[in-house]
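**Q** For reference, this is protein.pdb, and it has PDB, C-alpha atoms.
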```pdb
MODEL        1
ATOM      1  CA  MET A   1     -27.526 -22.701 -35.451  1.00  0.00           C
ATOM      2  CA  SER A   2     -30.217 -24.569 -33.635  1.00  0.00           C
ATOM      3  CA  TRP A   3     -33.821 -23.344 -33.769  1.00  0.00           C
ATOM      4  CA  LYS A   4     -33.933 -23.403 -29.931  1.00  0.00           C
ATOM      5  CA  ILE A   5     -31.023 -20.952 -29.763  1.00  0.00           C
ATOM      6  CA  VAL A   6     -32.732 -18.586 -32.218  1.00  0.00           C
ATOM      7  CA  GLN A   7     -35.931 -18.712 -30.148  1.00  0.00           C
ATOM      8  CA  GLN A   8     -33.973 -18.010 -26.957  1.00  0.00           C
ATOM      9  CA  ILE A   9     -32.253 -15.006 -28.572  1.00  0.00           C
ATOM     10  CA  ALA A  10     -35.597 -13.642 -29.802  1.00  0.00           C
ATOM     11  CA  LYS A  11     -37.211 -14.151 -26.397  1.00  0.00           C
ATOM     12  CA  THR A  12     -34.336 -12.627 -24.386  1.00  0.00           C
ATOM     13  CA  GLY A  13     -33.696  -9.588 -26.575  1.00  0.00           C
ATOM     14  CA  THR A  14     -30.857  -7.170 -25.977  1.00  0.00           C
ATOM     15  CA  CYS A  15     -29.153  -7.774 -22.648  1.00  0.00           C
ATOM     16  CA  SER A  16     -26.915  -4.721 -22.482  1.00  0.00           C
ATOM     17  CA  GLU A  17     -27.756  -1.760 -20.284  1.00  0.00           C
ATOM     18  CA  ALA A  18     -28.668   1.684 -21.488  1.00  0.00           C
ATOM     19  CA  ALA A  19     -25.878   4.267 -21.366  1.00  0.00           C
ATOM     20  CA  PRO A  20     -25.770   6.043 -17.999  1.00  0.00           C
ATOM     21  CA  ASP A  21     -27.154   9.558 -17.855  1.00  0.00           C
ATOM     22  CA  ILE A  22     -24.395  11.468 -16.115  1.00  0.00           C
ATOM     23  CA  GLY A  23     -25.994  14.839 -16.721  1.00  0.00           C
ATOM     24  CA  GLU A  24     -24.726  18.018 -18.284  1.00  0.00           C
ATOM     25  CA  ALA A  25     -22.622  19.031 -15.286  1.00  0.00           C
ATOM     26  CA  ALA A  26     -20.362  15.962 -15.544  1.00  0.00           C
ATOM     27  CA  GLY A  27     -20.157  16.349 -19.325  1.00  0.00           C
ATOM     28  CA  ALA A  28     -19.064  19.958 -18.904  1.00  0.00           C
ATOM     29  CA  GLN A  29     -16.515  18.858 -16.307  1.00  0.00           C
ATOM     30  CA  VAL A  30     -15.017  16.310 -18.719  1.00  0.00           C
ATOM     31  CA  ALA A  31     -14.762  19.001 -21.398  1.00  0.00           C
ATOM     32  CA  ARG A  32     -13.086  21.416 -18.947  1.00  0.00           C
ATOM     33  CA  ILE A  33     -10.563  18.773 -17.858  1.00  0.00           C
ATOM     34  CA  GLN A  34      -9.812  17.963 -21.488  1.00  0.00           C
ATOM     35  CA  VAL A  35      -9.128  21.627 -22.314  1.00  0.00           C
ATOM     36  CA  GLU A  36      -6.938  22.043 -19.217  1.00  0.00           C
ATOM     37  CA  LEU A  37      -4.936  18.907 -19.995  1.00  0.00           C
ATOM     38  CA  LEU A  38      -4.257  20.098 -23.536  1.00  0.00           C
ATOM     39  CA  HIS A  39      -3.248  23.521 -22.208  1.00  0.00           C
ATOM     40  CA  ILE A  40      -0.866  22.080 -19.592  1.00  0.00           C
ATOM     41  CA  LEU A  41       0.658  19.344 -21.717  1.00  0.00           C
ATOM     42  CA  GLY A  42       1.059  21.113 -25.010  1.00  0.00           C
ATOM     43  CA  GLN A  43       2.470  17.781 -26.162  1.00  0.00           C
ATOM     44  CA  ALA A  44       1.732  14.099 -25.704  1.00  0.00           C
ATOM     45  CA  LEU A  45       1.755  12.357 -22.343  1.00  0.00           C
ATOM     46  CA  THR A  46       2.647   8.692 -22.565  1.00  0.00           C
ATOM     47  CA  ILE A  47       1.463   6.249 -19.910  1.00  0.00           C
ATOM     48  CA  ARG A  48       2.543   2.719 -19.097  1.00  0.00           C
ATOM     49  CA  GLU A  49      -0.202   0.897 -17.202  1.00  0.00           C
ATOM     50  CA  VAL A  50       1.013  -1.774 -14.778  1.00  0.00           C
ATOM     51  CA  ASP A  51      -1.305  -4.342 -13.206  1.00  0.00           C
ATOM     52  CA  ALA A  52       0.540  -5.333 -10.041  1.00  0.00           C
ATOM     53  CA  GLY A  53      -2.039  -7.912  -8.955  1.00  0.00           C
ATOM     54  CA  SER A  54      -5.488  -6.357  -9.259  1.00  0.00           C
ATOM     55  CA  CYS A  55      -8.916  -7.889  -9.854  1.00  0.00           C
ATOM     56  CA  ASN A  56      -9.076  -5.973 -13.200  1.00  0.00           C
ATOM     57  CA  GLY A  57     -11.875  -3.640 -12.066  1.00  0.00           C
ATOM     58  CA  CYS A  58      -9.562  -0.635 -12.322  1.00  0.00           C
ATOM     59  CA  GLU A  59      -8.317  -1.772 -15.735  1.00  0.00           C
ATOM     60  CA  LEU A  60     -11.884  -1.774 -17.036  1.00  0.00           C
ATOM     61  CA  GLU A  61     -12.294   1.841 -15.924  1.00  0.00           C
ATOM     62  CA  ILE A  62      -8.922   2.802 -17.403  1.00  0.00           C
ATOM     63  CA  ASN A  63      -9.945   1.170 -20.703  1.00  0.00           C
ATOM     64  CA  ALA A  64     -13.128   3.252 -20.649  1.00  0.00           C
ATOM     65  CA  LEU A  65     -10.918   6.352 -20.972  1.00  0.00           C
ATOM     66  CA  GLY A  66     -10.271   5.297 -24.552  1.00  0.00           C
ATOM     67  CA  ASN A  67     -13.920   5.441 -25.601  1.00  0.00           C
ATOM     68  CA  PRO A  68     -15.272   8.386 -27.632  1.00  0.00           C
ATOM     69  CA  TYR A  69     -16.833  10.039 -24.575  1.00  0.00           C
ATOM     70  CA  TYR A  70     -13.554  10.599 -22.693  1.00  0.00           C
ATOM     71  CA  ASN A  71     -11.385  10.585 -25.849  1.00  0.00           C
ATOM     72  CA  LEU A  72      -8.035  10.238 -24.071  1.00  0.00           C
ATOM     73  CA  GLU A  73      -6.096  10.021 -27.337  1.00  0.00           C
ATOM     74  CA  GLY A  74      -7.692  13.283 -28.466  1.00  0.00           C
ATOM     75  CA  LEU A  75      -6.039  14.902 -25.440  1.00  0.00           C
ATOM     76  CA  GLY A  76      -2.624  13.732 -26.520  1.00  0.00           C
ATOM     77  CA  ILE A  77      -2.492  11.002 -23.857  1.00  0.00           C
ATOM     78  CA  LYS A  78      -1.375   7.619 -25.131  1.00  0.00           C
ATOM     79  CA  PHE A  79      -0.698   4.254 -23.555  1.00  0.00           C
ATOM     80  CA  VAL A  80       2.624   2.684 -24.499  1.00  0.00           C
ATOM     81  CA  ALA A  81       3.928  -0.862 -24.244  1.00  0.00           C
ATOM     82  CA  SER A  82       7.404   0.018 -22.994  1.00  0.00           C
ATOM     83  CA  PRO A  83       8.269   1.903 -19.817  1.00  0.00           C
ATOM     84  CA  ARG A  84      11.217   3.389 -21.729  1.00  0.00           C
ATOM     85  CA  HIS A  85       8.711   5.436 -23.742  1.00  0.00           C
ATOM     86  CA  ALA A  86       6.552   6.437 -20.759  1.00  0.00           C
ATOM     87  CA  ASP A  87       6.233   9.686 -18.821  1.00  0.00           C
ATOM     88  CA  MET A  88       3.871   8.181 -16.258  1.00  0.00           C
ATOM     89  CA  LEU A  89       3.238   4.814 -14.643  1.00  0.00           C
ATOM     90  CA  LEU A  90      -0.412   4.073 -13.848  1.00  0.00           C
ATOM     91  CA  VAL A  91      -0.302   1.219 -11.313  1.00  0.00           C
ATOM     92  CA  THR A  92      -3.315  -0.835 -10.217  1.00  0.00           C
ATOM     93  CA  GLY A  93      -3.796  -3.483  -7.571  1.00  0.00           C
ATOM     94  CA  PRO A  94      -1.943  -4.446  -4.429  1.00  0.00           C
ATOM     95  CA  VAL A  95       1.601  -5.371  -5.373  1.00  0.00           C
ATOM     96  CA  SER A  96       1.824  -9.142  -5.265  1.00  0.00           C
ATOM     97  CA  ARG A  97       5.172 -10.605  -4.156  1.00  0.00           C
ATOM     98  CA  ASN A  98       5.543 -12.051  -7.668  1.00  0.00           C
ATOM     99  CA  MET A  99       5.168  -8.571  -9.217  1.00  0.00           C
ATOM    100  CA  GLU A 100       7.437  -6.678  -6.803  1.00  0.00           C
ATOM    101  CA  THR A 101      10.633  -7.077  -8.832  1.00  0.00           C
ATOM    102  CA  ALA A 102       8.852  -6.461 -12.137  1.00  0.00           C
ATOM    103  CA  LEU A 103       7.327  -3.223 -10.811  1.00  0.00           C
ATOM    104  CA  LYS A 104      10.717  -2.017  -9.532  1.00  0.00           C
ATOM    105  CA  ARG A 105      12.319  -2.798 -12.907  1.00  0.00           C
ATOM    106  CA  THR A 106       9.522  -1.003 -14.740  1.00  0.00           C
ATOM    107  CA  TYR A 107       9.978   2.027 -12.488  1.00  0.00           C
ATOM    108  CA  ASP A 108      13.761   1.999 -13.043  1.00  0.00           C
ATOM    109  CA  ALA A 109      13.294   1.716 -16.828  1.00  0.00           C
ATOM    110  CA  THR A 110      11.011   4.770 -16.970  1.00  0.00           C
ATOM    111  CA  PRO A 111      13.027   7.881 -17.840  1.00  0.00           C
ATOM    112  CA  GLU A 112      13.174  10.926 -15.536  1.00  0.00           C
ATOM    113  CA  PRO A 113      11.150  12.965 -14.791  1.00  0.00           C
ATOM    114  CA  LYS A 114       8.603  10.255 -14.195  1.00  0.00           C
ATOM    115  CA  LEU A 115       5.244  10.282 -12.513  1.00  0.00           C
ATOM    116  CA  VAL A 116       3.657   7.374 -10.658  1.00  0.00           C
ATOM    117  CA  VAL A 117      -0.091   7.294 -10.071  1.00  0.00           C
ATOM    118  CA  ALA A 118      -1.664   4.566  -7.915  1.00  0.00           C
ATOM    119  CA  VAL A 119      -5.183   3.766  -9.148  1.00  0.00           C
ATOM    120  CA  GLY A 120      -7.801   2.164  -6.901  1.00  0.00           C
ATOM    121  CA  ASP A 121      -8.053   1.361  -3.209  1.00  0.00           C
ATOM    122  CA  CYS A 122      -5.790  -1.687  -3.500  1.00  0.00           C
ATOM    123  CA  ALA A 123      -2.957   0.324  -5.060  1.00  0.00           C
ATOM    124  CA  CYS A 124      -3.417   3.210  -2.616  1.00  0.00           C
ATOM    125  CA  ASP A 125      -3.705   1.394   0.706  1.00  0.00           C
ATOM    126  CA  GLY A 126      -3.703  -2.342   0.039  1.00  0.00           C
ATOM    127  CA  GLY A 127      -7.514  -2.529  -0.169  1.00  0.00           C
ATOM    128  CA  LEU A 128      -9.063  -5.831   0.831  1.00  0.00           C
ATOM    129  CA  PHE A 129      -5.752  -7.627   0.477  1.00  0.00           C
ATOM    130  CA  GLY A 130      -3.472  -5.511   2.663  1.00  0.00           C
ATOM    131  CA  GLU A 131      -0.006  -6.898   3.367  1.00  0.00           C
ATOM    132  CA  SER A 132       0.556 -10.624   3.711  1.00  0.00           C
ATOM    133  CA  TYR A 133       2.904 -13.406   2.708  1.00  0.00           C
ATOM    134  CA  ALA A 134       1.606 -13.011  -0.864  1.00  0.00           C
ATOM    135  CA  SER A 135       1.155  -9.221  -1.064  1.00  0.00           C
ATOM    136  CA  CYS A 136       3.413  -6.209  -0.487  1.00  0.00           C
ATOM    137  CA  GLY A 137       0.252  -4.118  -0.108  1.00  0.00           C
ATOM    138  CA  ARG A 138       0.147  -0.550  -1.417  1.00  0.00           C
ATOM    139  CA  VAL A 139       2.275   0.552  -4.371  1.00  0.00           C
ATOM    140  CA  SER A 140       4.146   3.099  -2.224  1.00  0.00           C
ATOM    141  CA  ASN A 141       5.631   0.178  -0.250  1.00  0.00           C
ATOM    142  CA  VAL A 142       7.560  -0.755  -3.400  1.00  0.00           C
ATOM    143  CA  ILE A 143       8.103   2.450  -5.447  1.00  0.00           C
ATOM    144  CA  PRO A 144       7.548   6.182  -4.787  1.00  0.00           C
ATOM    145  CA  VAL A 145       4.016   7.385  -5.662  1.00  0.00           C
ATOM    146  CA  ASP A 146       3.189  10.942  -6.772  1.00  0.00           C
ATOM    147  CA  GLU A 147      -0.615  10.738  -6.815  1.00  0.00           C
ATOM    148  CA  VAL A 148      -3.300   8.372  -5.516  1.00  0.00           C
ATOM    149  CA  ILE A 149      -6.779   7.857  -6.956  1.00  0.00           C
ATOM    150  CA  MET A 150      -9.063   6.196  -4.425  1.00  0.00           C
ATOM    151  CA  GLY A 151     -12.110   4.130  -5.396  1.00  0.00           C
ATOM    152  CA  CYS A 152     -13.045   0.524  -5.898  1.00  0.00           C
ATOM    153  CA  PRO A 153     -12.821   0.963  -8.803  1.00  0.00           C
ATOM    154  CA  PRO A 154     -12.509   4.711  -9.417  1.00  0.00           C
ATOM    155  CA  VAL A 155     -14.691   6.048 -12.216  1.00  0.00           C
ATOM    156  CA  PRO A 156     -12.972   7.218 -15.430  1.00  0.00           C
ATOM    157  CA  LEU A 157     -13.596  10.879 -14.562  1.00  0.00           C
ATOM    158  CA  ASP A 158     -11.712  10.455 -11.252  1.00  0.00           C
ATOM    159  CA  ILE A 159      -8.839   8.748 -13.075  1.00  0.00           C
ATOM    160  CA  LEU A 160      -8.724  11.659 -15.525  1.00  0.00           C
ATOM    161  CA  ARG A 161      -8.707  14.116 -12.586  1.00  0.00           C
ATOM    162  CA  GLY A 162      -5.851  12.204 -10.940  1.00  0.00           C
ATOM    163  CA  ILE A 163      -3.785  12.239 -14.129  1.00  0.00           C
ATOM    164  CA  LEU A 164      -4.420  15.974 -14.447  1.00  0.00           C
ATOM    165  CA  LYS A 165      -3.448  16.564 -10.801  1.00  0.00           C
ATOM    166  CA  ALA A 166      -0.170  14.678 -11.261  1.00  0.00           C
ATOM    167  CA  VAL A 167       0.635  16.570 -14.470  1.00  0.00           C
ATOM    168  CA  ARG A 168      -0.225  19.915 -12.799  1.00  0.00           C
ATOM    169  CA  ARG A 169       2.194  19.099  -9.988  1.00  0.00           C
ATOM    170  CA  ARG A 170       4.928  18.468 -12.568  1.00  0.00           C
ATOM    171  CA  VAL A 171       4.259  21.757 -14.361  1.00  0.00           C
ATOM    172  CA  VAL A 172       3.820  23.920 -11.241  1.00  0.00           C
ATOM    173  CA  ASN A 173       6.731  22.502  -9.249  1.00  0.00           C
ATOM    174  CA  PRO A 174       9.107  20.358 -11.323  1.00  0.00           C
ATOM    175  CA  ASP A 175      11.534  20.124  -8.362  1.00  0.00           C
ATOM    176  CA  SER A 176       8.914  18.204  -6.349  1.00  0.00           C
ATOM    177  CA  MET A 177       9.297  15.245  -8.687  1.00  0.00           C
ATOM    178  CA  VAL A 178      10.717  12.086  -7.151  1.00  0.00           C
ATOM    179  CA  LYS A 179      14.329  11.593  -8.151  1.00  0.00           C
TER
ENDMDL
END
```
Before anything else, please render the file you have as structure tokens.

**A**
Amino acid sequence: MSWKIVQQIAKTGTCSEAAPDIGEAAGAQVARIQVELLHILGQALTIREVDAGSCNGCELEINALGNPYYNLEGLGIKFVASPRHADMLLVTGPVSRNMETALKRTYDATPEPKLVVAVGDCACDGGLFGESYASCGRVSNVIPVDEVIMGCPPVPLDILRGILKAVRRRVVNPDSMVK
């Protein structure tokens, strides 16, 4: 390594930000949601995440759910690679025309009863992209959606709330599930 690079590293220091201080109230809310999810599920919930054409902002927030703070796996919620093993589809982005068929096939491959949650403004209402020659717009234009989570991108806590809301709906009224 060049001496100039070492000097630059020493001069610049650590570039990462300090962890955000979300306060005790939000921390307590995360803990309460975690307890409620475990109580409702009683077993694992498996999720297949589908990027239907997003900018990846929502994916970054979804990935944050796996960190030790939110501890999604500790709740019994796991991401799976195959829709055949999924209970829920978490869909991000406006559905591009190139992803329309793939999203429909993924939905059809997911066993009943299935939940579909649209994550982010683009998935919920088309966002900045809307409908055009290249975009089908919102996810509900292509497949039925059970829950929407607005935000650009939504924070991990809102995503967790949306997952909980969709699961609650399944437990409270299983007949309301899309057939």

**Q** Interatomic distance between atom CA of Val119 of chain A and atom CA of Thr92 of chain A?

**A**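 Interatomic distance, atom CA of Val119 of chain A to atom CA of Thr92 of chain A: 5.1 Å.
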
**Q** Just the residues within 8 Å of segment 147-154 of chain A, please, counting all atoms listed in the file, with nothing from its chain fewer than 4 positions along; format it as a VMD selection string.

**A** chain A and resid 57 to 58 61 116 to 122 124 158 to 159 162 165 to 166

**Q** Taking the file as shown, what set of residues would the PyMOL selection byres ((chain A and resi 78-87) around 10) give back, as an NGL selection string?

**A** :A and (44-50 or 66 or 72-77 or 88-90 or 105-116 or 167)

**Q** If I take atom CA of Gln43 of chain A and atom CA of Val155 of chain A, how far is one from the other in Å, to one decimal?

**A**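 Computing it gives 25.0 Å between the two atoms.
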
**Q** Could you work out how far atom CA of Leu65 of chain A lies from atom CA of Asn141 of chain A, giving the answer in Å with one decimal?

**A**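 Those two atoms sit 27.2 Å apart.
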
**Q** Of the candidates A:Leu103, A:Leu164, A:Ala28, A:Cys55, which one gets nearest to Val91 of chain A if we count only C-alpha atoms?

**A** A:Leu103
